[in-house]
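Visitor: Sharing target28.cif below, mmCIF, C-alpha atoms:
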```cif
data_target
#
loop_
_atom_site.label_atom_id
_atom_site.label_comp_id
_atom_site.auth_asym_id
_atom_site.auth_seq_id
_atom_site.Cartn_x
_atom_site.Cartn_y
_atom_site.Cartn_z
CA MET A 1 117.12 32.11 -26.26
CA THR A 2 114.75 30.84 -28.91
CA SER A 3 113.15 27.43 -29.01
CA PRO A 4 114.51 24.94 -31.55
CA LYS A 5 112.64 24.92 -34.84
CA THR A 6 111.83 22.24 -37.37
CA ILE A 7 112.68 22.79 -41.03
CA LEU A 8 111.39 20.65 -43.88
CA ILE A 9 113.66 20.70 -46.96
CA VAL A 10 111.90 19.59 -50.15
CA ASP A 11 114.25 19.04 -53.08
CA ASP A 12 114.79 16.20 -55.55
CA SER A 13 118.51 16.99 -55.53
CA ARG A 14 120.28 15.13 -52.74
CA VAL A 15 123.21 17.54 -53.02
CA SER A 16 121.00 20.57 -52.51
CA ARG A 17 119.28 18.94 -49.53
CA MET A 18 122.65 18.07 -48.07
CA MET A 19 123.97 21.61 -48.51
CA ALA A 20 120.85 23.22 -47.03
CA ARG A 21 120.99 20.81 -44.10
CA ASN A 22 124.67 21.62 -43.47
CA TYR A 23 124.17 25.37 -43.58
CA ILE A 24 121.16 25.24 -41.25
CA SER A 25 122.97 22.93 -38.81
CA GLN A 26 126.00 25.22 -38.74
CA LEU A 27 123.76 28.10 -37.67
CA HIS A 28 121.37 26.20 -35.42
CA ALA A 29 122.78 22.86 -34.33
CA ASP A 30 119.72 22.12 -32.19
CA TRP A 31 117.15 22.59 -34.94
CA ARG A 32 115.44 19.52 -36.37
CA ILE A 33 115.77 19.08 -40.13
CA GLU A 34 113.54 16.78 -42.16
CA GLU A 35 113.84 16.04 -45.89
CA ALA A 36 111.44 15.16 -48.68
CA ASP A 37 112.52 14.42 -52.27
CA SER A 38 109.27 15.48 -53.97
CA GLY A 39 106.23 17.68 -53.54
CA GLU A 40 104.07 14.58 -53.09
CA ALA A 41 106.31 13.32 -50.27
CA ALA A 42 106.18 16.73 -48.59
CA LEU A 43 102.38 16.73 -48.62
CA LEU A 44 102.39 13.32 -46.94
CA MET A 45 105.00 14.31 -44.35
CA VAL A 46 103.88 17.74 -43.26
CA ALA A 47 101.25 16.62 -40.72
CA SER A 48 103.65 14.40 -38.83
CA VAL A 49 106.65 16.73 -39.09
CA SER A 50 104.84 19.99 -38.20
CA PRO A 51 107.56 22.19 -39.67
CA ASP A 52 108.12 25.81 -38.69
CA LEU A 53 109.43 26.49 -42.21
CA ILE A 54 109.33 24.63 -45.51
CA LEU A 55 112.09 25.14 -48.08
CA MET A 56 110.65 24.05 -51.41
CA ASP A 57 112.52 23.49 -54.68
CA VAL A 58 110.44 24.40 -57.75
CA ASN A 59 111.71 22.23 -60.60
CA MET A 60 111.07 18.65 -59.42
CA PRO A 61 109.65 15.51 -61.02
CA GLY A 62 105.96 14.85 -60.37
CA MET A 63 103.71 17.67 -59.27
CA GLY A 64 106.58 20.16 -58.89
CA GLY A 65 107.29 22.59 -56.09
CA MET A 66 104.92 25.38 -57.06
CA ALA A 67 101.85 23.10 -57.08
CA ALA A 68 102.94 21.47 -53.83
CA ALA A 69 103.46 24.87 -52.20
CA GLU A 70 100.02 25.96 -53.39
CA GLN A 71 98.38 22.90 -51.81
CA LEU A 72 100.35 23.32 -48.60
CA ARG A 73 99.46 26.99 -48.44
CA HIS A 74 95.79 26.03 -48.73
CA SER A 75 95.90 23.19 -46.14
CA TRP A 76 98.45 24.68 -43.75
CA PRO A 77 98.24 28.46 -44.15
CA ALA A 78 100.26 29.20 -41.00
CA ILE A 79 103.43 27.42 -42.13
CA PRO A 80 105.88 29.75 -43.90
CA ILE A 81 107.10 28.37 -47.23
CA SER A 82 110.12 29.64 -49.16
CA LEU A 83 110.74 28.56 -52.69
CA LEU A 84 114.31 27.51 -53.21
CA THR A 85 114.97 27.82 -56.89
CA ALA A 86 117.37 28.58 -59.69
CA ASN A 87 114.45 30.05 -61.62
CA VAL A 88 115.11 33.80 -61.60
CA GLN A 89 112.17 34.67 -63.83
CA THR A 90 109.99 37.59 -62.78
CA ALA A 91 106.86 35.56 -63.54
CA THR A 92 107.91 32.90 -61.01
CA ARG A 93 108.64 35.51 -58.35
CA GLU A 94 105.28 37.18 -58.97
CA ARG A 95 103.48 33.84 -58.65
CA ALA A 96 105.34 33.15 -55.41
CA THR A 97 104.42 36.56 -54.02
CA SER A 98 100.77 36.16 -54.95
CA LEU A 99 100.70 32.87 -53.01
CA GLY A 100 102.43 34.43 -50.02
CA LEU A 101 105.60 32.41 -50.53
CA GLY A 102 109.16 33.50 -49.84
CA PHE A 103 111.83 33.19 -52.50
CA VAL A 104 115.46 32.12 -52.11
CA GLU A 105 117.66 32.00 -55.17
CA LYS A 106 119.84 28.97 -55.85
CA PRO A 107 122.68 28.29 -55.51
CA ILE A 108 122.20 27.90 -51.81
CA THR A 109 124.84 29.82 -49.89
CA PRO A 110 125.38 30.20 -46.12
CA ALA A 111 124.48 33.90 -46.41
CA ARG A 112 121.18 33.20 -48.18
CA ILE A 113 120.18 30.55 -45.67
CA ALA A 114 121.23 32.77 -42.74
CA SER A 115 119.15 35.63 -44.04
CA LEU A 116 116.13 33.35 -44.43
CA LEU A 117 116.47 31.88 -40.95
CA ASP A 118 117.04 35.21 -39.18
CA THR A 119 113.34 36.05 -39.11
CA LEU A 120 112.40 32.58 -37.96
CA ALA A 121 115.01 32.48 -35.20
CA GLY A 122 113.60 35.65 -33.68
CA ALA A 123 110.06 34.25 -33.54
CA MET B 124 119.79 29.77 -92.60
CA LEU B 125 118.45 32.71 -90.65
CA ILE B 126 120.02 36.05 -91.42
CA LEU B 127 119.99 38.58 -88.63
CA SER B 128 120.46 42.28 -89.27
CA GLU B 129 123.43 43.97 -87.65
CA LEU B 130 121.15 45.51 -85.03
CA GLU B 131 119.46 42.17 -84.28
CA ASN B 132 122.82 40.44 -83.97
CA ASP B 133 124.04 43.17 -81.65
CA ALA B 134 120.90 42.91 -79.52
CA LEU B 135 121.18 39.11 -79.38
CA ILE B 136 124.76 39.31 -78.13
CA GLU B 137 123.84 41.96 -75.58
CA ILE B 138 120.90 39.90 -74.27
CA PHE B 139 122.99 36.75 -73.94
CA ASN B 140 125.77 38.79 -72.37
CA ILE B 141 123.39 39.82 -69.59
CA GLY B 142 122.14 36.25 -69.23
CA VAL B 143 125.63 34.85 -69.10
CA GLY B 144 126.61 37.45 -66.51
CA GLN B 145 123.88 36.03 -64.27
CA ALA B 146 125.11 32.52 -64.99
CA ALA B 147 128.65 33.54 -64.04
CA ALA B 148 127.41 34.95 -60.75
CA ALA B 149 125.58 31.68 -60.08
CA MET B 150 128.63 29.62 -61.01
CA SER B 151 130.83 31.77 -58.78
CA ALA B 152 128.48 31.24 -55.83
CA ILE B 153 128.58 27.46 -56.44
CA VAL B 154 132.36 27.11 -56.56
CA ASN B 155 133.15 30.00 -54.25
CA GLU B 156 135.73 31.59 -56.51
CA ALA B 157 135.89 34.14 -59.29
CA VAL B 158 134.59 32.92 -62.62
CA LEU B 159 135.85 34.65 -65.73
CA MET B 160 133.60 34.56 -68.76
CA SER B 161 134.30 35.68 -72.26
CA VAL B 162 131.91 37.95 -74.11
CA PRO B 163 129.60 35.54 -75.92
CA SER B 164 130.10 35.24 -79.63
CA ILE B 165 127.23 33.80 -81.56
CA SER B 166 127.10 31.78 -84.72
CA PHE B 167 124.43 29.77 -86.46
CA VAL B 168 125.88 26.45 -87.60
CA ASP B 169 124.66 22.90 -88.14
CA ARG B 170 125.19 20.24 -85.48
CA ARG B 171 128.30 18.74 -87.10
CA GLU B 172 129.98 22.11 -87.35
CA ALA B 173 128.99 22.92 -83.76
CA ALA B 174 130.64 19.69 -82.58
CA ARG B 175 133.78 20.54 -84.52
CA LEU B 176 133.91 24.01 -82.96
CA LEU B 177 133.63 22.49 -79.50
CA ASP B 178 136.35 19.94 -80.26
CA ASP B 179 138.64 22.72 -81.47
CA LYS B 180 138.24 24.58 -78.19
CA ASP B 181 139.71 21.81 -76.14
CA PRO B 182 141.40 19.20 -78.34
CA ASP B 183 142.70 17.31 -75.28
CA ALA B 184 139.24 16.62 -73.87
CA GLU B 185 138.10 13.47 -75.67
CA ARG B 186 134.89 13.15 -73.72
CA ILE B 187 132.78 15.84 -72.22
CA CYS B 188 129.86 15.82 -69.83
CA GLY B 189 126.81 17.84 -70.65
CA VAL B 190 123.69 18.86 -68.78
CA SER B 191 120.76 19.80 -70.98
CA GLN B 192 117.36 21.33 -70.37
CA HIS B 193 114.57 21.93 -72.83
CA TYR B 194 112.74 25.25 -72.65
CA GLU B 195 109.40 26.22 -74.15
CA GLY B 196 107.70 29.61 -74.25
CA ALA B 197 108.92 32.75 -75.97
CA PHE B 198 110.94 30.36 -78.14
CA SER B 199 111.87 26.69 -77.89
CA THR B 200 115.44 25.72 -77.21
CA LYS B 201 117.62 23.06 -75.76
CA ALA B 202 120.28 24.63 -73.57
CA ILE B 203 123.38 22.55 -72.92
CA LEU B 204 126.15 23.20 -70.44
CA MET B 205 129.36 21.28 -71.18
CA PHE B 206 132.54 20.59 -69.28
CA PRO B 207 135.46 18.22 -69.92
CA GLU B 208 134.47 14.92 -68.30
CA ASP B 209 137.64 14.71 -66.23
CA LYS B 210 136.79 18.01 -64.53
CA SER B 211 133.29 17.16 -63.43
CA LEU B 212 134.26 15.57 -60.11
CA GLU B 213 136.44 18.58 -59.35
CA ILE B 214 133.49 20.91 -59.97
CA VAL B 215 131.26 18.84 -57.70
CA ARG B 216 133.98 18.90 -55.03
CA LEU B 217 134.10 22.69 -55.25
CA MET B 218 130.35 22.79 -54.80
CA VAL B 219 130.00 20.53 -51.77
CA GLY B 220 133.33 21.29 -50.06
CA GLU B 221 135.77 18.92 -48.41
CA ALA B 222 133.34 17.44 -45.90
CA VAL B 223 131.98 14.75 -48.22
CA PRO B 224 134.12 11.58 -48.65
CA LEU B 225 135.35 10.85 -52.19
CA GLU B 226 133.32 7.65 -52.45
CA GLU B 227 130.09 9.46 -51.66
CA LEU B 228 131.08 12.32 -53.93
CA THR B 229 131.62 9.97 -56.89
CA GLU B 230 128.26 8.37 -56.23
CA MET B 231 126.46 11.70 -56.40
CA GLU B 232 128.52 13.16 -59.27
CA GLN B 233 125.86 12.92 -61.99
CA GLU B 234 123.10 14.19 -59.76
CA ALA B 235 125.27 17.07 -58.56
CA MET B 236 126.22 17.99 -62.14
CA CYS B 237 122.51 18.07 -63.02
CA GLU B 238 121.90 20.47 -60.16
CA ILE B 239 124.84 22.65 -61.21
CA GLY B 240 123.54 22.66 -64.79
CA ASN B 241 120.06 23.48 -63.58
CA ILE B 242 121.30 26.48 -61.62
CA ILE B 243 123.58 27.86 -64.33
CA LEU B 244 121.22 27.30 -67.27
CA ASN B 245 118.23 28.70 -65.38
CA SER B 246 120.21 31.79 -64.38
CA CYS B 247 120.95 32.44 -68.02
CA VAL B 248 117.60 31.43 -69.53
CA GLY B 249 115.59 33.05 -66.74
CA THR B 250 117.33 36.33 -67.45
CA LEU B 251 116.49 35.98 -71.17
CA ALA B 252 112.84 35.38 -70.25
CA ASN B 253 112.81 38.51 -68.11
CA ILE B 254 114.34 40.57 -70.90
CA PHE B 255 111.84 39.20 -73.45
CA GLN B 256 109.04 39.67 -70.89
CA HIS B 257 107.84 36.22 -71.78
CA GLU B 258 108.00 33.13 -69.60
CA LEU B 259 110.15 30.12 -70.52
CA HIS B 260 109.25 26.76 -68.96
CA GLY B 261 112.15 24.41 -68.37
CA SER B 262 112.27 20.62 -68.22
CA LEU B 263 114.23 18.66 -65.65
CA PRO B 264 117.97 18.57 -66.34
CA GLN B 265 119.46 15.55 -68.14
CA TYR B 266 123.03 14.36 -67.87
CA HIS B 267 125.05 13.08 -70.85
CA VAL B 268 128.63 11.93 -71.35
CA GLY B 269 130.32 11.51 -74.72
CA THR B 270 132.00 13.36 -77.54
CA SER B 271 130.76 16.82 -78.49
CA ASP B 272 128.75 15.36 -81.35
CA GLU B 273 127.22 12.68 -79.13
CA ILE B 274 126.18 15.30 -76.58
CA LEU B 275 124.57 17.45 -79.26
CA ARG B 276 122.94 14.36 -80.82
CA ALA B 277 121.56 13.38 -77.40
CA SER B 278 119.81 16.72 -77.36
CA GLY B 279 117.63 15.35 -80.14
CA SER B 280 119.02 17.35 -83.00
CA ALA B 281 119.55 15.98 -86.50
CA PRO B 282 122.96 16.55 -88.17
CA ASP B 283 121.57 19.46 -90.20
CA THR B 284 119.68 21.06 -87.32
CA VAL B 285 120.72 24.64 -86.91
CA VAL B 286 122.48 25.20 -83.64
CA LEU B 287 122.66 28.65 -82.19
CA MET B 288 126.18 28.24 -80.94
CA LEU B 289 127.04 30.48 -78.08
CA HIS B 290 130.76 30.51 -77.62
CA ILE B 291 131.20 31.26 -73.97
CA ASP B 292 134.28 30.32 -72.08
CA PHE B 293 133.77 29.88 -68.36
CA LEU B 294 137.11 29.92 -66.64
CA LEU B 295 137.50 29.07 -62.98
CA GLU B 296 140.67 30.99 -62.45
CA ARG B 297 142.25 28.98 -59.65
CA HIS B 298 141.31 25.61 -61.09
CA GLN B 299 141.73 26.21 -64.80
CA ILE B 300 138.39 24.63 -65.62
CA GLN B 301 136.72 25.69 -68.84
CA GLY B 302 133.09 25.17 -69.74
CA TYR B 303 130.83 26.01 -72.67
CA VAL B 304 127.18 26.69 -73.26
CA ALA B 305 125.26 25.89 -76.44
CA PHE B 306 121.68 26.62 -77.40
CA VAL B 307 120.05 24.38 -79.99
CA LEU B 308 117.19 25.89 -81.95
CA ASP B 309 115.36 24.67 -85.02
CA LEU B 310 114.27 27.00 -87.80
CA SER B 311 110.86 27.76 -86.35
CA ALA B 312 112.39 28.50 -82.95
CA LEU B 313 114.94 30.78 -84.60
CA HIS B 314 112.12 32.77 -86.15
CA ASP B 315 110.42 33.03 -82.75
CA LEU B 316 113.71 34.22 -81.26
CA GLN B 317 114.09 36.79 -84.03
CA HIS B 318 110.56 38.01 -83.27
CA GLN B 319 111.43 38.40 -79.57
CA ILE B 320 114.60 40.29 -80.47
CA GLY B 321 112.54 42.57 -82.68
CA ARG B 322 110.18 43.34 -79.80
CA TYR B 323 113.15 43.96 -77.50
CA ILE B 324 114.64 46.43 -79.98
CA ALA B 325 111.29 48.14 -80.40
CA ARG B 326 110.97 48.52 -76.62
CA ALA B 327 114.51 49.84 -76.43
CA MET B 328 113.59 52.46 -79.03
CA GLY B 329 110.35 53.34 -77.25
CA GLN B 330 108.23 51.94 -80.07
CA ASP B 331 106.38 49.26 -78.07
#
```
Represent the supplied structure as structure tokens.
Guide:
Amino acid sequence: MTSPKTILIVDDSRVSRMMARNYISQLHADWRIEEADSGEAALLMVASVSPDLILMDVNMPGMGGMAAAEQLRHSWPAIPISLLTANVQTATRERATSLGLGFVEKPITPARIASLLDTLAGA
Amino acid sequence: MLILSELENDALIEIFNIGVGQAAAAMSAIVNEAVLMSVPSISFVDRREAARLLDDKDPDAERICGVSQHYEGAFSTKAILMFPEDKSLEIVRLMVGEAVPLEELTEMEQEAMCEIGNIILNSCVGTLANIFQHELHGSLPQYHVGTSDEILRASGSAPDTVVLMLHIDFLLERHQIQGYVAFVLDLSALHDLQHQIGRYIARAMGQD
């Protein structure tokens, strides 16, 4: 039995947030899910939410997901962050890897979310 | 008008074929059903002719919805994904499933179409960037509704702007929904694209 986790979903698309939330809830009904619609909002929320995992969209208005992830990585190095993006470019993956970020390709599917959460659930 | 050699034209079709294959996989994952896609055929036409070609493909669809994104990097282009307007809600329904009430679904239709466009266009363009080994930076997706010409005009192109018209038919087999993708490039962008194709061919021949 693992303790319930807290996931912070950061995505400007309400549909994507809704889908990620549904897939996570289906797998772990007792986990807490918080949402932010921008990188800036995520930076403001992270201290109060204390997430065990941050799912971060890349292409968002404002500072964007990559810059937000970079700042979060600097301020909160222990929190795992996975980029959630339709950007399949090698350069983006390499940048994510160099920052120690995970990478989940959009579209979000139950299998992709399950695979991401497997590691976390065992912790 | 830009003239491509036979080899360049062949390489261009092959590159977009790979990109479109990725887009089809993304589309299939969104709607959870098989997506058939035609082999892309490519033509360089002006905006008016491009609109006419689109109208000819589906004469019954008076209005279409389009999601566009501007890309900069290896070459500049505006990529536009288009569907008949009356099918857009059906596509969004396929994406989110039956759980969401119709009222809420209608409310989020534009936003959901932007996200679908973002995923499909990035799958295609991202693959092109990987093949060209040169990054392409994309803008946020924009949603448009109108006739083919209005959609292409909304992309910022003048009537005589050259449009690299990619004729790709997406077909969602069970739902009989067809979509199209167009790439709008000006003359300078076309030359950049030709340069990237040249480098790709050189690499393929072991000359780079």
Visitor: Counting only C-alpha atoms, what are the residues of chain A within 9 Å of chain B, and for each of them which pair of atoms is the nearest and at what distance in Å, to one decimal? Sort the table by chain and rising number, as a tab-separated table.
Guide:
```
residue	atom	partner	partner_atom	distance
A:Ser13	CA	B:Glu238	CA	6.7
A:Arg14	CA	B:Glu234	CA	7.6
A:Val15	CA	B:Ala235	CA	5.9
A:Ser16	CA	B:Glu238	CA	7.7
A:Met18	CA	B:Val219	CA	8.6
A:Met19	CA	B:Val219	CA	6.9
A:Asn59	CA	B:Leu263	CA	6.7
A:Met60	CA	B:Leu263	CA	7.0
A:Pro61	CA	B:Leu263	CA	7.2
A:Thr85	CA	B:Ile242	CA	8.0
A:Ala86	CA	B:Ile242	CA	4.9
A:Asn87	CA	B:Asn245	CA	5.5
A:Val88	CA	B:Gly249	CA	5.2
A:Gln89	CA	B:Gly249	CA	4.8
A:Thr90	CA	B:Asn253	CA	6.1
A:Ala91	CA	B:Glu258	CA	6.6
A:Thr92	CA	B:Glu258	CA	8.6
A:Lys106	CA	B:Ile242	CA	6.5
A:Pro107	CA	B:Ile153	CA	6.0
A:Ile108	CA	B:Ile153	CA	7.9
A:Thr109	CA	B:Ala152	CA	7.1
```
Visitor: Please provide the set of residues having any atom within 12 Å of A:Pro77, restricted to only C-alpha atoms, with same-chain residues fewer than 4 positions apart removed, written as an MDAnalysis selection string.
Guide: chainID A and resid 52:54 69:73 81 99:101
Visitor: Which residues would end up in the selection if the PyMOL selection byres ((chain B and resi 291) around 12) were applied here, given that I need the answer as a VMD selection string?
Guide: chain B and resid 136 139 to 140 142 to 144 146 to 147 158 to 166 176 to 177 180 203 to 206 247 288 to 290 292 to 294 301 to 306
Visitor: For a quick check of understanding, using all atoms listed in the file, which of B:Val286, B:Ile187, B:Ile300, B:Ala202 has the smallest distance to B:Arg171?
Guide: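 Nearest to B:Arg171: B:Val286.
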Visitor: I would like the residues chosen by the PyMOL selection byres ((chain A and resi 30) around 12) on the shown file; could you give them as a PyMOL selection string?
Guide: chain A and resi 1-7+24-29+31-33+121
Visitor: Identify, on the basis of only C-alpha atoms, every residue whose closest approach to A:Ile113 does not exceed 9 Å; exclude the query and any residue fewer than 6 positions from it along the same chain; express the result as a list of chain:residue names.
Guide: A:Ala20, A:Tyr23, A:Ile24, A:Val104
Visitor: Would you mind reading off the distance between atom CA of B:Glu230 and atom CA of A:Glu105, one decimal, in Å?
Guide: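 Separating atom CA of B:Glu230 from atom CA of A:Glu105 is a distance of 25.9 Å.
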Visitor: Generate the missing atoms of stretch 39-55 of chain A up to N, CA and C atoms and report them as a JSON list (two decimals), in the frame of the given file.
Guide:
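Done, and the output landed in rebuild_8.json:
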```
[["chain", "number", "residue", "atom", "x", "y", "z"],
["A", 39, "GLY", "N", 107.37, 16.96, -54.08],
["A", 39, "GLY", "CA", 106.23, 17.68, -53.54],
["A", 39, "GLY", "C", 105.22, 16.72, -52.92],
["A", 40, "GLU", "N", 105.03, 15.57, -53.59],
["A", 40, "GLU", "CA", 104.07, 14.58, -53.09],
["A", 40, "GLU", "C", 104.50, 14.08, -51.71],
["A", 41, "ALA", "N", 105.80, 13.81, -51.56],
["A", 41, "ALA", "CA", 106.31, 13.32, -50.27],
["A", 41, "ALA", "C", 106.13, 14.38, -49.19],
["A", 42, "ALA", "N", 106.34, 15.64, -49.57],
["A", 42, "ALA", "CA", 106.18, 16.73, -48.59],
["A", 42, "ALA", "C", 104.75, 16.81, -48.09],
["A", 43, "LEU", "N", 103.80, 16.65, -49.01],
["A", 43, "LEU", "CA", 102.38, 16.73, -48.62],
["A", 43, "LEU", "C", 102.03, 15.62, -47.63],
["A", 44, "LEU", "N", 102.65, 14.45, -47.84],
["A", 44, "LEU", "CA", 102.39, 13.32, -46.94],
["A", 44, "LEU", "C", 103.06, 13.52, -45.58],
["A", 45, "MET", "N", 104.19, 14.21, -45.57],
["A", 45, "MET", "CA", 105.00, 14.31, -44.35],
["A", 45, "MET", "C", 104.58, 15.45, -43.43],
["A", 46, "VAL", "N", 103.99, 16.48, -44.00],
["A", 46, "VAL", "CA", 103.88, 17.74, -43.26],
["A", 46, "VAL", "C", 103.08, 17.61, -41.97],
["A", 47, "ALA", "N", 102.06, 16.76, -41.94],
["A", 47, "ALA", "CA", 101.25, 16.62, -40.72],
["A", 47, "ALA", "C", 102.07, 16.02, -39.58],
["A", 48, "SER", "N", 102.89, 15.05, -39.90],
["A", 48, "SER", "CA", 103.65, 14.40, -38.83],
["A", 48, "SER", "C", 104.88, 15.21, -38.44],
["A", 49, "VAL", "N", 105.42, 15.97, -39.37],
["A", 49, "VAL", "CA", 106.65, 16.73, -39.09],
["A", 49, "VAL", "C", 106.36, 18.06, -38.40],
["A", 50, "SER", "N", 105.21, 18.66, -38.72],
["A", 50, "SER", "CA", 104.84, 19.99, -38.20],
["A", 50, "SER", "C", 105.98, 21.01, -38.33],
["A", 51, "PRO", "N", 106.41, 21.29, -39.52],
["A", 51, "PRO", "CA", 107.56, 22.19, -39.67],
["A", 51, "PRO", "C", 107.23, 23.65, -39.34],
["A", 52, "ASP", "N", 108.27, 24.37, -38.90],
["A", 52, "ASP", "CA", 108.12, 25.81, -38.69],
["A", 52, "ASP", "C", 108.43, 26.57, -39.98],
["A", 53, "LEU", "N", 109.09, 25.88, -40.91],
["A", 53, "LEU", "CA", 109.43, 26.49, -42.21],
["A", 53, "LEU", "C", 109.61, 25.36, -43.22],
["A", 54, "ILE", "N", 109.10, 25.59, -44.43],
["A", 54, "ILE", "CA", 109.33, 24.63, -45.51],
["A", 54, "ILE", "C", 110.16, 25.31, -46.59],
["A", 55, "LEU", "N", 111.28, 24.68, -46.94],
["A", 55, "LEU", "CA", 112.09, 25.14, -48.08],
["A", 55, "LEU", "C", 111.73, 24.26, -49.26]]
```
